[in-house]
Amino acid sequence: MRLIMGQVHRNVLALASSRSCFVIGDHLPFRMLSLPRASGFHQTAWRGSQTVEDSGSTLTLASLEVQSKADYVKKERVPQSKADYVKKERVPQSKADYVKKERVQRTGGPKASSRDSAFSVKPKKGSTLSLKPAKSALPKPPVVKKKLKIDEALFSASSFEELGLPPLLIDRLNKEGLTSPTEVQSASIPVISQRHDAVIQSYTGSGKTLAYLLPILSEIGPLKRAREQGNSEKRSGIEAVVVAPSRELGMQIVREVEKILGPDDKRLVQQLVGGANRSRQEEALKKNKPIIVVGTPGRISEISAAGKLQTHNCRFLVLDEVDQLLSFNYREDMHRILEHVGRKPSTSSSSHILGPLARRSDRQTILVSATVPFSVIRAARSWGHDPVLVRAKSVVPLDSITVPRPMLSQGDPNSDSPTMSVNQAAVDSLPPSLEHYYCTTKAHHKVDTLRRCIHALEAETVIAFMNNTKPLKDVVFKLEARGMKAIELHGDLGKLARSTVLKKFKAGEFRVLVTNELSARGLDIPECDLVINLDLPTDSTHYAHRAGRTGRLGRKGTVVSICEESEAFIMRKMRKQLGVAIKPCEFTEGQITVHKEEDVE
Ligand SMILES: Nc1ncnc2c1ncn2[C@@H]1O[C@H](COP(=O)(O)OP(=O)(O)OP(=O)(O)O)[C@@H](O)[C@H]1O
């Protein structure tokens with residue numbers, strides 16, 4: 001047993017019990033109790049992923065609606081008028097492309113989707129029809145959901161077969177139209193299958209959920225790989241616990257598991273999210289005998305403390321959005337979960353002396369997030385056996401990772417201000433396909449600017465973020481008053497209302513979802529082509545997670561932050577911390593005007 005002590009400055013998570021105490025965080029005085037490493041890092045995991053990456057089989061993405069370039073050219077709408085040609089103008093990519101205050105007719109990001117309108121038929125606003133029947137006489141038009149192009153580059157060259165997934169599971173994936181793994185899935189599946197504890201880090205929307213679900217479902221449940229006779233592990237009860245910080249994310253993961261298990265076996269996953277009826281959840285646990293539970297920390301620990309959730313035999317513990325789950329708010333519930341899941345109660349005297357870590361079973365701990373600060377690496381080291389960090393193209397032992405020295409942002413070589421240091425965790429979480437802008441306006445003009453922005457970018461599925469709950473309703477009211485269908489989503493709504501809102505928004509019944517931080521993590525709405533910050537996020541990590549609601553799975557996406565003139569410096573700071581171009585712009589006459597940075601500094 002080792003005892004390590006250090007200095008603490010912020011982000012403290014204290015997990016304390018009578019027998020153990022962990023304190024973790026970035027630059028924190030922390031105490032960590034851990035067992036000696038059983039063995040060195042098994043190179044097999046690394047080799048496994050290398051082999052996978054080296055394989056050069058061709059992709060089959062048709063079922064993912066990934067279009068080849070040729071398809072696009074074929075299907076693209078033939079320009080009808082001069083205006084159409086203007087719309088197709090290229091968006092400036094480099095600084096050189098920007099002419100001072102050049103007026104740019106936007107064609108990147110959302111416009112790419114409107115270019116795809118050959119597939120989705122978007123009625124042109126203001127187009128004249130000779131015979132226009134009264135509104136009430138019209139049958140309700142079906143909501144035509146647009147399809148955004150997926151960037152093939154996100155997908156790995158390997159196939160699910162090459163990753164060694166069992167045939168039954170591959171069949172189910174194919175039935176769901178999933179034919180090729182993404183890069184992070186290619187890297188994670190062999191590592192988890194080889195029983196490594198792992199931290200999975202990859203940018204938002206890159207497929208991290210299946211990156212851990214697929215290797216788990218290869219080992220448990222009806223789709224698992226067949227074992228040689230005499231080599232089958234007999235387990236009963238819950239074999240995997242997945243923890244997520246919000247009900248929405250929890251339910252989204254449940255649906256993903258249900259989708260893979262298929263209609264006959266979907267009862268084998270049980271949601272344990274807060275806000276839902278607890279006794280019904282407990283009854284379902286008894287009746288359905290699930291093999292996997294997915295829930296929020298509070299509800300899981302509540303039911304576990306009541307003795308209604310037996311997880312001692314559990315083989316997998318997944319913490320999705322781990323950096324958020326390790327925040328102070330969740331400390332007590334997370335402590336209980338970490339103490340109980342996959343830990344057999346022991347009466348041996350040695351375990352009493354050594355504490356709960358000595359009682360560890362062969363539970364695999366998998367920590368997942370787009371943003372992995374060093375505090376998570378520390379936590380993973382203390383909880384895992386030879387844990388590894390898995391990213392899209394690399395697998396490294398956590399022991400080889402050292403505390404990062406703050407990097408100064410480019411263009412600021414002489415600055416030693418800590419605020420100017422690059423937030424590497426946030427940088428790594430940003431999908432490369434995003435475009436970022438900000439514009440300034442007076443506070444009372446923000447909603448109008450939002451509306452003009454949506455029109456100028458021709459965005460069809462928009463998520464607008466604010467910092468507080470109260471003003472959301474007002475924004476919805478103002479947008480609706482201007483003829484734009486909008487709906488609010490926040491934690492004060494009941495569980496049913498929250499899921500109804502999401503369902504309607506996903507179905508295209510509303511163009512704008514006005515929400516708060518609740519929706520910033522994990523929410524997967526593939527059609528979202530524009531994220532708006534109506535209030536600036538508190539830091540670059542929050543910016544990155546909000547931004548990640550668009551540009552999912554290699555699609556195009558645009559992020560626009562609307563702020564007051566006095567806040568513009570925050571955007572410039574954010575740009576340096578994130579290492580991306582966040583371009584100043586304004587929206588006038590239905591167009592976006594991109595400014596040169598010097599114009600506004
Ligand atoms: N191999 C695949 N083929 C096609 N689609 C996939 C594949 N893997 C995942 N997806 C889809 O990609 C989308 C994004 O996946 P997911 O939500 O797991 O991303 P994520 O990396 O967890 O994002 P976040 O960090 O925001 O939580 C989902 O709609 C998911 O169904």
# chains A, B, ... in the order shown; residues from 1 in each chain; ligands from 1
$ select_by_dssp --residues "region 447-489 of chain A" --states "strand (DSSP E or B)" --output "PyMOL selection string"
chain A and resi 462-465+486-489
$ residues_near_ligand --ligand "ligand 1" --cutoff "8 Å" --atoms "only C-alpha atoms and all ligand atoms" --output "PyMOL selection string"
chain A and resi 64+155+177-182+185+202-211+256+320-321+369-370+429+521-526+545+548-549+552-553
$ write_last_selection --atoms "N, CA and C atoms" --output "short mmCIF file (atom, residue, chain, number, x, y, z; two decimals), in the first residue's frame"
data_model
loop_
_atom_site.label_atom_id
_atom_site.label_comp_id
_atom_site.auth_asym_id
_atom_site.auth_seq_id
_atom_site.Cartn_x
_atom_site.Cartn_y
_atom_site.Cartn_z
N LEU A 64 -24.85 4.50 -43.22
CA LEU A 64 -24.74 5.65 -42.30
C LEU A 64 -25.12 6.94 -42.99
N PHE A 155 -13.97 7.75 -39.43
CA PHE A 155 -14.10 6.30 -39.29
C PHE A 155 -12.75 5.63 -39.46
N GLY A 177 -27.63 -0.39 -38.86
CA GLY A 177 -26.95 0.47 -39.84
C GLY A 177 -25.55 0.87 -39.41
N LEU A 178 -25.00 0.18 -38.40
CA LEU A 178 -23.64 0.51 -37.95
C LEU A 178 -22.68 -0.51 -38.54
N THR A 179 -21.89 -0.07 -39.51
CA THR A 179 -21.07 -1.03 -40.23
C THR A 179 -19.56 -0.83 -40.03
N SER A 180 -19.17 0.38 -39.61
CA SER A 180 -17.74 0.63 -39.41
C SER A 180 -17.52 1.32 -38.07
N PRO A 181 -16.48 0.93 -37.36
CA PRO A 181 -16.21 1.60 -36.09
C PRO A 181 -15.58 2.97 -36.32
N THR A 182 -15.78 3.88 -35.37
CA THR A 182 -15.05 5.14 -35.45
C THR A 182 -13.64 4.89 -34.88
N GLN A 185 -13.48 4.03 -31.26
CA GLN A 185 -14.01 2.67 -31.02
C GLN A 185 -12.95 1.63 -31.38
N SER A 202 -11.81 11.38 -26.22
CA SER A 202 -11.90 11.70 -27.65
C SER A 202 -12.90 12.82 -27.79
N TYR A 203 -12.83 13.55 -28.89
CA TYR A 203 -13.66 14.75 -28.96
C TYR A 203 -15.16 14.44 -29.00
N THR A 204 -15.93 15.46 -28.72
CA THR A 204 -17.39 15.30 -28.62
C THR A 204 -17.94 14.73 -29.93
N GLY A 205 -18.89 13.84 -29.80
CA GLY A 205 -19.57 13.30 -30.97
C GLY A 205 -18.75 12.30 -31.77
N SER A 206 -17.69 11.74 -31.16
CA SER A 206 -16.84 10.81 -31.93
C SER A 206 -17.20 9.35 -31.66
N GLY A 207 -18.25 9.10 -30.88
CA GLY A 207 -18.71 7.73 -30.69
C GLY A 207 -18.16 7.03 -29.45
N LYS A 208 -17.95 7.79 -28.37
CA LYS A 208 -17.37 7.20 -27.16
C LYS A 208 -18.34 6.22 -26.49
N THR A 209 -19.64 6.46 -26.64
CA THR A 209 -20.60 5.58 -25.95
C THR A 209 -20.44 4.13 -26.44
N LEU A 210 -20.43 3.95 -27.75
CA LEU A 210 -20.26 2.58 -28.25
C LEU A 210 -18.83 2.08 -28.02
N ALA A 211 -17.90 3.01 -27.87
CA ALA A 211 -16.51 2.60 -27.62
C ALA A 211 -16.41 1.78 -26.33
N GLU A 256 -29.29 3.56 -26.35
CA GLU A 256 -28.20 3.00 -27.16
C GLU A 256 -28.03 1.51 -26.84
N ASP A 320 -19.34 7.88 -17.27
CA ASP A 320 -19.39 8.69 -18.49
C ASP A 320 -19.45 10.16 -18.08
N GLU A 321 -18.70 10.99 -18.75
CA GLU A 321 -18.49 12.39 -18.35
C GLU A 321 -17.81 12.40 -16.98
N SER A 369 -14.61 10.72 -21.11
CA SER A 369 -15.01 12.11 -21.31
C SER A 369 -14.27 12.70 -22.51
N ALA A 370 -14.85 13.76 -23.05
CA ALA A 370 -14.13 14.50 -24.09
C ALA A 370 -13.04 15.35 -23.44
N SER A 429 -11.03 18.28 -26.95
CA SER A 429 -12.44 17.85 -27.01
C SER A 429 -13.20 18.47 -28.18
N ARG A 521 -23.67 18.53 -21.80
CA ARG A 521 -22.87 17.31 -21.78
C ARG A 521 -23.59 16.13 -22.42
N GLY A 522 -22.94 15.52 -23.38
CA GLY A 522 -23.38 14.22 -23.87
C GLY A 522 -24.57 14.21 -24.80
N LEU A 523 -25.40 15.25 -24.76
CA LEU A 523 -26.64 15.23 -25.54
C LEU A 523 -26.33 15.04 -27.03
N ASP A 524 -26.98 14.05 -27.63
CA ASP A 524 -26.67 13.71 -29.02
C ASP A 524 -27.87 14.00 -29.91
N ILE A 525 -27.81 15.13 -30.58
CA ILE A 525 -28.85 15.47 -31.56
C ILE A 525 -28.12 15.69 -32.88
N PRO A 526 -27.97 14.59 -33.65
CA PRO A 526 -27.09 14.65 -34.82
C PRO A 526 -27.43 15.79 -35.78
N HIS A 545 -17.80 21.79 -24.31
CA HIS A 545 -18.91 20.83 -24.22
C HIS A 545 -20.18 21.37 -24.89
N GLY A 548 -19.78 21.16 -28.55
CA GLY A 548 -19.82 19.78 -29.02
C GLY A 548 -21.22 19.24 -29.27
N ARG A 549 -22.25 20.04 -29.01
CA ARG A 549 -23.61 19.57 -29.34
C ARG A 549 -23.85 19.67 -30.84
N ARG A 552 -21.61 16.72 -34.78
CA ARG A 552 -21.52 15.36 -34.26
C ARG A 552 -21.06 14.39 -35.35
N LEU A 553 -20.23 13.49 -34.98
CA LEU A 553 -19.75 12.43 -35.87
C LEU A 553 -19.24 12.98 -37.21
#
$ atom_distance --atom1 "CA of Thr441 (chain A)" --atom2 "CA of Cys563 (chain A)"
6.2 Å
$ closest_residue --among "A:Pro263, A:Gly491, A:Gly164, A:Pro431" --to "Gly275 (chain A)" --atoms "only C-alpha atoms"
A:Gly491
$ closest_residue --among "A:Gly250, A:Pro584, A:Gly557, A:Gly342" --to "Thr461 (chain A)" --atoms "only C-alpha atoms"
A:Gly557
$ residues_around --residues "Leu317 (chain A)" --least-positions-apart "6" --cutoff "9 Å" --atoms "only C-alpha atoms" --output "list in words"
Glu239, Ala240, Val241, Val242, Val243, Ile337, Leu338, Val341, Gly342, Arg363, Gln364, Thr365, Ile366 and Leu367 of chain A
$ write_last_selection --atoms "N, CA, C and O atoms" --output "PDB file, in the first residue's frame"
ATOM      1  N   GLU A 239     -24.047  -7.026 -14.186  1.00  0.00           N
ATOM      2  CA  GLU A 239     -22.641  -7.201 -14.557  1.00  0.00           C
ATOM      3  C   GLU A 239     -21.973  -5.900 -14.998  1.00  0.00           C
ATOM      4  O   GLU A 239     -20.760  -5.844 -15.134  1.00  0.00           O
ATOM      5  N   ALA A 240     -22.802  -4.896 -15.285  1.00  0.00           N
ATOM      6  CA  ALA A 240     -22.204  -3.604 -15.657  1.00  0.00           C
ATOM      7  C   ALA A 240     -23.044  -2.466 -15.103  1.00  0.00           C
ATOM      8  O   ALA A 240     -24.264  -2.506 -15.130  1.00  0.00           O
ATOM      9  N   VAL A 241     -22.346  -1.458 -14.579  1.00  0.00           N
ATOM     10  CA  VAL A 241     -23.022  -0.248 -14.095  1.00  0.00           C
ATOM     11  C   VAL A 241     -22.440   0.936 -14.856  1.00  0.00           C
ATOM     12  O   VAL A 241     -21.218   1.099 -14.923  1.00  0.00           O
ATOM     13  N   VAL A 242     -23.323   1.718 -15.478  1.00  0.00           N
ATOM     14  CA  VAL A 242     -22.873   2.915 -16.194  1.00  0.00           C
ATOM     15  C   VAL A 242     -23.455   4.128 -15.478  1.00  0.00           C
ATOM     16  O   VAL A 242     -24.666   4.208 -15.253  1.00  0.00           O
ATOM     17  N   VAL A 243     -22.588   5.057 -15.098  1.00  0.00           N
ATOM     18  CA  VAL A 243     -23.037   6.254 -14.378  1.00  0.00           C
ATOM     19  C   VAL A 243     -22.880   7.475 -15.285  1.00  0.00           C
ATOM     20  O   VAL A 243     -21.846   7.639 -15.939  1.00  0.00           O
ATOM     21  N   ILE A 337     -20.655   4.478  -4.843  1.00  0.00           N
ATOM     22  CA  ILE A 337     -20.613   3.655  -6.062  1.00  0.00           C
ATOM     23  C   ILE A 337     -19.230   3.013  -6.220  1.00  0.00           C
ATOM     24  O   ILE A 337     -19.101   1.820  -6.460  1.00  0.00           O
ATOM     25  N   LEU A 338     -18.194   3.828  -6.042  1.00  0.00           N
ATOM     26  CA  LEU A 338     -16.833   3.298  -6.208  1.00  0.00           C
ATOM     27  C   LEU A 338     -16.492   2.249  -5.157  1.00  0.00           C
ATOM     28  O   LEU A 338     -15.727   1.320  -5.400  1.00  0.00           O
ATOM     29  N   VAL A 341     -19.494  -1.080  -6.178  1.00  0.00           N
ATOM     30  CA  VAL A 341     -19.650  -1.780  -7.459  1.00  0.00           C
ATOM     31  C   VAL A 341     -18.448  -2.704  -7.698  1.00  0.00           C
ATOM     32  O   VAL A 341     -17.297  -2.253  -7.691  1.00  0.00           O
ATOM     33  N   GLY A 342     -18.729  -3.961  -7.871  1.00  0.00           N
ATOM     34  CA  GLY A 342     -17.667  -4.930  -8.163  1.00  0.00           C
ATOM     35  C   GLY A 342     -16.748  -5.217  -6.999  1.00  0.00           C
ATOM     36  O   GLY A 342     -15.649  -5.731  -7.176  1.00  0.00           O
ATOM     37  N   ARG A 363     -13.277  -6.068 -11.127  1.00  0.00           N
ATOM     38  CA  ARG A 363     -14.047  -5.023 -11.804  1.00  0.00           C
ATOM     39  C   ARG A 363     -13.124  -4.218 -12.714  1.00  0.00           C
ATOM     40  O   ARG A 363     -12.018  -3.869 -12.322  1.00  0.00           O
ATOM     41  N   GLN A 364     -13.637  -3.927 -13.909  1.00  0.00           N
ATOM     42  CA  GLN A 364     -12.896  -3.033 -14.798  1.00  0.00           C
ATOM     43  C   GLN A 364     -13.498  -1.651 -14.666  1.00  0.00           C
ATOM     44  O   GLN A 364     -14.723  -1.502 -14.738  1.00  0.00           O
ATOM     45  N   THR A 365     -12.653  -0.658 -14.475  1.00  0.00           N
ATOM     46  CA  THR A 365     -13.166   0.706 -14.335  1.00  0.00           C
ATOM     47  C   THR A 365     -12.838   1.470 -15.616  1.00  0.00           C
ATOM     48  O   THR A 365     -11.680   1.534 -16.032  1.00  0.00           O
ATOM     49  N   ILE A 366     -13.894   2.024 -16.229  1.00  0.00           N
ATOM     50  CA  ILE A 366     -13.711   2.729 -17.504  1.00  0.00           C
ATOM     51  C   ILE A 366     -14.205   4.158 -17.323  1.00  0.00           C
ATOM     52  O   ILE A 366     -15.368   4.385 -16.966  1.00  0.00           O
ATOM     53  N   LEU A 367     -13.312   5.098 -17.510  1.00  0.00           N
ATOM     54  CA  LEU A 367     -13.641   6.506 -17.304  1.00  0.00           C
ATOM     55  C   LEU A 367     -13.662   7.187 -18.671  1.00  0.00           C
ATOM     56  O   LEU A 367     -12.742   7.002 -19.464  1.00  0.00           O
TER      57      LEU A 367
END
$ select_by_dssp --residues "region 371-473 of chain A" --states "helix (DSSP H, G or I)" --output "JSON, numbers by chain"
{"A": [374, 375, 376, 377, 378, 379, 380, 381, 382, 383, 398, 399, 400, 418, 419, 420, 424, 425, 426, 427, 428, 429, 443, 444, 445, 446, 447, 448, 449, 450, 451, 452, 453, 454, 455, 456, 457, 470, 471, 472, 473]}
$ write_last_selection --atoms "N, CA and C atoms" --output "tab-separated table (two decimals), in the first residue's frame"
chain	number	residue	atom	x	y	z
A	374	PHE	N	-5.99	16.48	-15.63
A	374	PHE	CA	-5.05	15.59	-14.95
A	374	PHE	C	-5.67	14.96	-13.70
A	375	SER	N	-6.66	15.63	-13.12
A	375	SER	CA	-7.31	15.07	-11.92
A	375	SER	C	-7.93	13.70	-12.23
A	376	VAL	N	-8.43	13.54	-13.45
A	376	VAL	CA	-9.04	12.26	-13.84
A	376	VAL	C	-7.95	11.19	-13.98
A	377	ILE	N	-6.81	11.58	-14.54
A	377	ILE	CA	-5.70	10.63	-14.68
A	377	ILE	C	-5.28	10.13	-13.29
A	378	ARG	N	-5.20	11.07	-12.35
A	378	ARG	CA	-4.84	10.68	-10.98
A	378	ARG	C	-5.85	9.72	-10.39
A	379	ALA	N	-7.12	10.04	-10.58
A	379	ALA	CA	-8.18	9.19	-10.04
A	379	ALA	C	-8.09	7.80	-10.65
A	380	ALA	N	-7.90	7.75	-11.96
A	380	ALA	CA	-7.84	6.46	-12.66
A	380	ALA	C	-6.66	5.63	-12.16
A	381	ARG	N	-5.55	6.29	-11.89
A	381	ARG	CA	-4.38	5.56	-11.38
A	381	ARG	C	-4.69	4.94	-10.02
A	382	SER	N	-5.44	5.68	-9.20
A	382	SER	CA	-5.67	5.15	-7.87
A	382	SER	C	-6.74	4.06	-7.85
A	383	TRP	N	-7.64	4.08	-8.83
A	383	TRP	CA	-8.72	3.10	-8.83
A	383	TRP	C	-8.44	1.89	-9.70
A	398	LEU	N	-1.16	4.98	-18.18
A	398	LEU	CA	-1.35	6.23	-17.43
A	398	LEU	C	-0.10	6.59	-16.62
A	399	ASP	N	0.65	5.56	-16.23
A	399	ASP	CA	1.84	5.84	-15.44
A	399	ASP	C	2.86	6.68	-16.20
A	400	SER	N	2.76	6.66	-17.53
A	400	SER	CA	3.73	7.42	-18.31
A	400	SER	C	3.32	8.89	-18.47
A	418	PRO	N	-1.38	33.01	-16.15
A	418	PRO	CA	-1.99	31.69	-16.21
A	418	PRO	C	-3.28	31.68	-17.03
A	419	THR	N	-3.95	32.84	-17.13
A	419	THR	CA	-5.19	32.87	-17.88
A	419	THR	C	-4.94	32.69	-19.37
A	420	MET	N	-3.70	32.89	-19.80
A	420	MET	CA	-3.40	32.76	-21.21
A	420	MET	C	-2.94	31.36	-21.58
A	424	GLN	N	-5.57	22.37	-22.51
A	424	GLN	CA	-5.38	21.25	-23.43
A	424	GLN	C	-6.56	20.29	-23.42
A	425	ALA	N	-7.16	20.08	-22.24
A	425	ALA	CA	-8.31	19.16	-22.17
A	425	ALA	C	-9.44	19.66	-23.06
A	426	ALA	N	-9.68	20.97	-23.02
A	426	ALA	CA	-10.75	21.53	-23.85
A	426	ALA	C	-10.36	21.51	-25.32
A	427	VAL	N	-9.10	21.80	-25.62
A	427	VAL	CA	-8.63	21.78	-27.01
A	427	VAL	C	-8.89	20.39	-27.62
A	428	ASP	N	-8.53	19.35	-26.86
A	428	ASP	CA	-8.67	17.99	-27.37
A	428	ASP	C	-10.12	17.58	-27.59
A	429	SER	N	-11.03	18.28	-26.95
A	429	SER	CA	-12.44	17.85	-27.01
A	429	SER	C	-13.20	18.47	-28.18
A	443	ALA	N	-27.34	43.95	-24.52
A	443	ALA	CA	-28.02	42.83	-23.86
A	443	ALA	C	-29.46	42.67	-24.36
A	444	HIS	N	-30.18	43.79	-24.51
A	444	HIS	CA	-31.59	43.67	-24.88
A	444	HIS	C	-31.79	43.38	-26.38
A	445	HIS	N	-30.70	43.33	-27.13
A	445	HIS	CA	-30.83	42.97	-28.55
A	445	HIS	C	-30.39	41.53	-28.82
A	446	LYS	N	-30.04	40.81	-27.76
A	446	LYS	CA	-29.46	39.47	-27.96
A	446	LYS	C	-30.40	38.52	-28.69
A	447	VAL	N	-31.67	38.53	-28.30
A	447	VAL	CA	-32.61	37.58	-28.92
A	447	VAL	C	-32.79	37.93	-30.40
A	448	ASP	N	-32.82	39.22	-30.68
A	448	ASP	CA	-32.97	39.63	-32.07
A	448	ASP	C	-31.74	39.21	-32.88
A	449	THR	N	-30.58	39.36	-32.26
A	449	THR	CA	-29.34	38.94	-32.93
A	449	THR	C	-29.37	37.42	-33.16
A	450	LEU	N	-29.87	36.71	-32.16
A	450	LEU	CA	-29.98	35.25	-32.28
A	450	LEU	C	-30.85	34.89	-33.49
A	451	ARG	N	-31.96	35.57	-33.61
A	451	ARG	CA	-32.89	35.29	-34.72
A	451	ARG	C	-32.22	35.59	-36.06
A	452	ARG	N	-31.54	36.74	-36.11
A	452	ARG	CA	-30.88	37.11	-37.38
A	452	ARG	C	-29.76	36.13	-37.72
A	453	CYS	N	-29.08	35.67	-36.67
A	453	CYS	CA	-27.99	34.70	-36.87
A	453	CYS	C	-28.55	33.41	-37.47
A	454	ILE	N	-29.67	32.94	-36.92
A	454	ILE	CA	-30.26	31.68	-37.40
A	454	ILE	C	-30.67	31.83	-38.87
A	455	HIS	N	-31.26	32.98	-39.19
A	455	HIS	CA	-31.67	33.21	-40.58
A	455	HIS	C	-30.45	33.29	-41.50
A	456	ALA	N	-29.45	34.06	-41.07
A	456	ALA	CA	-28.28	34.26	-41.93
A	456	ALA	C	-27.57	32.93	-42.21
A	457	LEU	N	-27.52	32.08	-41.20
A	457	LEU	CA	-26.80	30.81	-41.37
A	457	LEU	C	-27.72	29.70	-41.88
A	470	LYS	N	-34.13	31.00	-15.30
A	470	LYS	CA	-35.25	31.95	-15.36
A	470	LYS	C	-35.46	32.61	-16.73
A	471	PRO	N	-34.39	33.13	-17.33
A	471	PRO	CA	-34.61	33.86	-18.60
A	471	PRO	C	-34.95	32.97	-19.80
A	472	LEU	N	-34.89	31.66	-19.67
A	472	LEU	CA	-35.12	30.79	-20.82
A	472	LEU	C	-36.51	31.01	-21.41
A	473	LYS	N	-37.50	31.09	-20.51
A	473	LYS	CA	-38.89	31.23	-20.94
A	473	LYS	C	-39.07	32.51	-21.76
$ residues_around --residues "Tyr330 (chain A)" --least-positions-apart "5" --cutoff "8 Å" --atoms "only C-alpha atoms" --output "VMD selection string"
chain A and resid 297 to 298 325
$ write_last_selection --atoms "all heavy atoms" --output "compact mmCIF listing (two decimals), in the first residue's frame"
# COMPACT_ATOMS: atom_id res chain seq x y z
N PRO A 297 -25.82 9.36 -10.44
CA PRO A 297 -25.16 8.94 -9.20
C PRO A 297 -26.11 8.86 -8.01
O PRO A 297 -26.07 7.89 -7.25
CB PRO A 297 -24.09 10.02 -8.97
CG PRO A 297 -23.93 10.71 -10.26
CD PRO A 297 -25.16 10.53 -11.05
N GLY A 298 -26.98 9.87 -7.87
CA GLY A 298 -27.88 9.93 -6.70
C GLY A 298 -28.79 8.72 -6.65
O GLY A 298 -28.88 8.04 -5.62
N LEU A 325 -18.51 13.97 -13.10
CA LEU A 325 -18.91 13.09 -11.99
C LEU A 325 -17.95 13.22 -10.80
O LEU A 325 -18.32 12.94 -9.68
CB LEU A 325 -18.95 11.63 -12.45
CG LEU A 325 -20.12 11.28 -13.39
CD1 LEU A 325 -19.98 9.85 -13.89
CD2 LEU A 325 -21.47 11.46 -12.68
$ closest_residue --among "A:Ala568, A:Leu168, A:Val322, A:Val395" --to "Ile192 (chain A)" --atoms "only C-alpha atoms"
A:Val395
$ atom_distance --atom1 "CA of Asp333 (chain A)" --atom2 "CA of Asn277 (chain A)"
18.8 Å
$ closest_residue --among "A:Cys314, A:Leu213, A:Leu319, A:Val560" --to "Ser246 (chain A)" --atoms "only C-alpha atoms"
A:Leu319
$ closest_residue --among "A:His385, A:Glu258, A:Val390, A:Val403" --to "Ala187 (chain A)" --atoms "only C-alpha atoms"
A:Val390
$ atom_distance --atom1 "CA of Ala305 (chain A)" --atom2 "CA of Phe328 (chain A)"
20.0 Å
$ residues_around --residues "Ile303 (chain A)" --least-positions-apart "4" --cutoff "12 Å" --atoms "only C-alpha atoms" --output "PyMOL selection string"
chain A and resi 271-274+277-283+285+293+295-299+307-311+333+336-337
$ write_last_selection --atoms "N, CA and C atoms" --output "short mmCIF file (atom, residue, chain, number, x, y, z; two decimals), in the first residue's frame"
data_model
loop_
_atom_site.label_atom_id
_atom_site.label_comp_id
_atom_site.auth_asym_id
_atom_site.auth_seq_id
_atom_site.Cartn_x
_atom_site.Cartn_y
_atom_site.Cartn_z
N GLN A 271 -32.90 1.54 -16.53
CA GLN A 271 -32.51 2.91 -16.19
C GLN A 271 -32.73 3.15 -14.71
N LEU A 272 -31.79 3.81 -14.08
CA LEU A 272 -31.95 4.21 -12.67
C LEU A 272 -31.65 5.71 -12.58
N VAL A 273 -32.45 6.50 -13.32
CA VAL A 273 -32.18 7.94 -13.31
C VAL A 273 -33.08 8.63 -12.28
N GLY A 274 -32.57 9.72 -11.76
CA GLY A 274 -33.34 10.50 -10.79
C GLY A 274 -34.57 11.10 -11.47
N ASN A 277 -39.89 7.37 -11.14
CA ASN A 277 -40.47 6.69 -9.99
C ASN A 277 -39.52 5.61 -9.45
N ARG A 278 -39.10 5.81 -8.21
CA ARG A 278 -38.08 4.90 -7.67
C ARG A 278 -38.62 3.49 -7.43
N SER A 279 -39.84 3.40 -6.89
CA SER A 279 -40.31 2.05 -6.60
C SER A 279 -40.53 1.25 -7.88
N ARG A 280 -40.91 1.96 -8.96
CA ARG A 280 -41.05 1.23 -10.23
C ARG A 280 -39.68 0.71 -10.71
N GLN A 281 -38.68 1.52 -10.50
CA GLN A 281 -37.32 1.08 -10.89
C GLN A 281 -36.92 -0.14 -10.06
N GLU A 282 -37.26 -0.12 -8.77
CA GLU A 282 -36.88 -1.25 -7.90
C GLU A 282 -37.64 -2.51 -8.31
N GLU A 283 -38.91 -2.33 -8.65
CA GLU A 283 -39.70 -3.49 -9.11
C GLU A 283 -39.10 -4.07 -10.38
N LEU A 285 -36.08 -3.95 -11.37
CA LEU A 285 -34.82 -4.65 -11.07
C LEU A 285 -35.12 -6.08 -10.64
N VAL A 293 -27.13 -1.77 -15.67
CA VAL A 293 -27.94 -0.63 -15.23
C VAL A 293 -27.22 0.67 -15.61
N GLY A 295 -27.52 4.86 -14.87
CA GLY A 295 -28.25 5.85 -14.08
C GLY A 295 -27.41 7.01 -13.63
N THR A 296 -28.08 7.87 -12.86
CA THR A 296 -27.41 9.04 -12.30
C THR A 296 -26.86 8.67 -10.91
N PRO A 297 -25.82 9.36 -10.44
CA PRO A 297 -25.16 8.94 -9.20
C PRO A 297 -26.11 8.86 -8.01
N GLY A 298 -26.98 9.87 -7.87
CA GLY A 298 -27.88 9.93 -6.70
C GLY A 298 -28.79 8.72 -6.65
N ARG A 299 -29.44 8.40 -7.76
CA ARG A 299 -30.41 7.31 -7.76
C ARG A 299 -29.73 5.95 -7.59
N GLY A 307 -30.35 -1.46 -0.34
CA GLY A 307 -30.17 -2.90 -0.49
C GLY A 307 -30.94 -3.51 -1.65
N LYS A 308 -31.40 -2.64 -2.58
CA LYS A 308 -32.21 -3.15 -3.69
C LYS A 308 -31.39 -3.31 -4.99
N LEU A 309 -30.12 -2.99 -4.89
CA LEU A 309 -29.28 -3.10 -6.09
C LEU A 309 -27.99 -3.83 -5.71
N GLN A 310 -27.87 -5.05 -6.17
CA GLN A 310 -26.70 -5.85 -5.81
C GLN A 310 -25.66 -5.74 -6.93
N THR A 311 -24.56 -5.10 -6.62
CA THR A 311 -23.56 -4.89 -7.69
C THR A 311 -22.20 -5.50 -7.32
N ASP A 333 -22.24 10.33 -3.38
CA ASP A 333 -22.82 9.25 -4.19
C ASP A 333 -21.74 8.49 -4.94
N ARG A 336 -19.86 6.08 -2.69
CA ARG A 336 -20.59 4.83 -2.45
C ARG A 336 -20.47 3.90 -3.66
N ILE A 337 -20.65 4.48 -4.84
CA ILE A 337 -20.61 3.65 -6.06
C ILE A 337 -19.23 3.01 -6.22
#
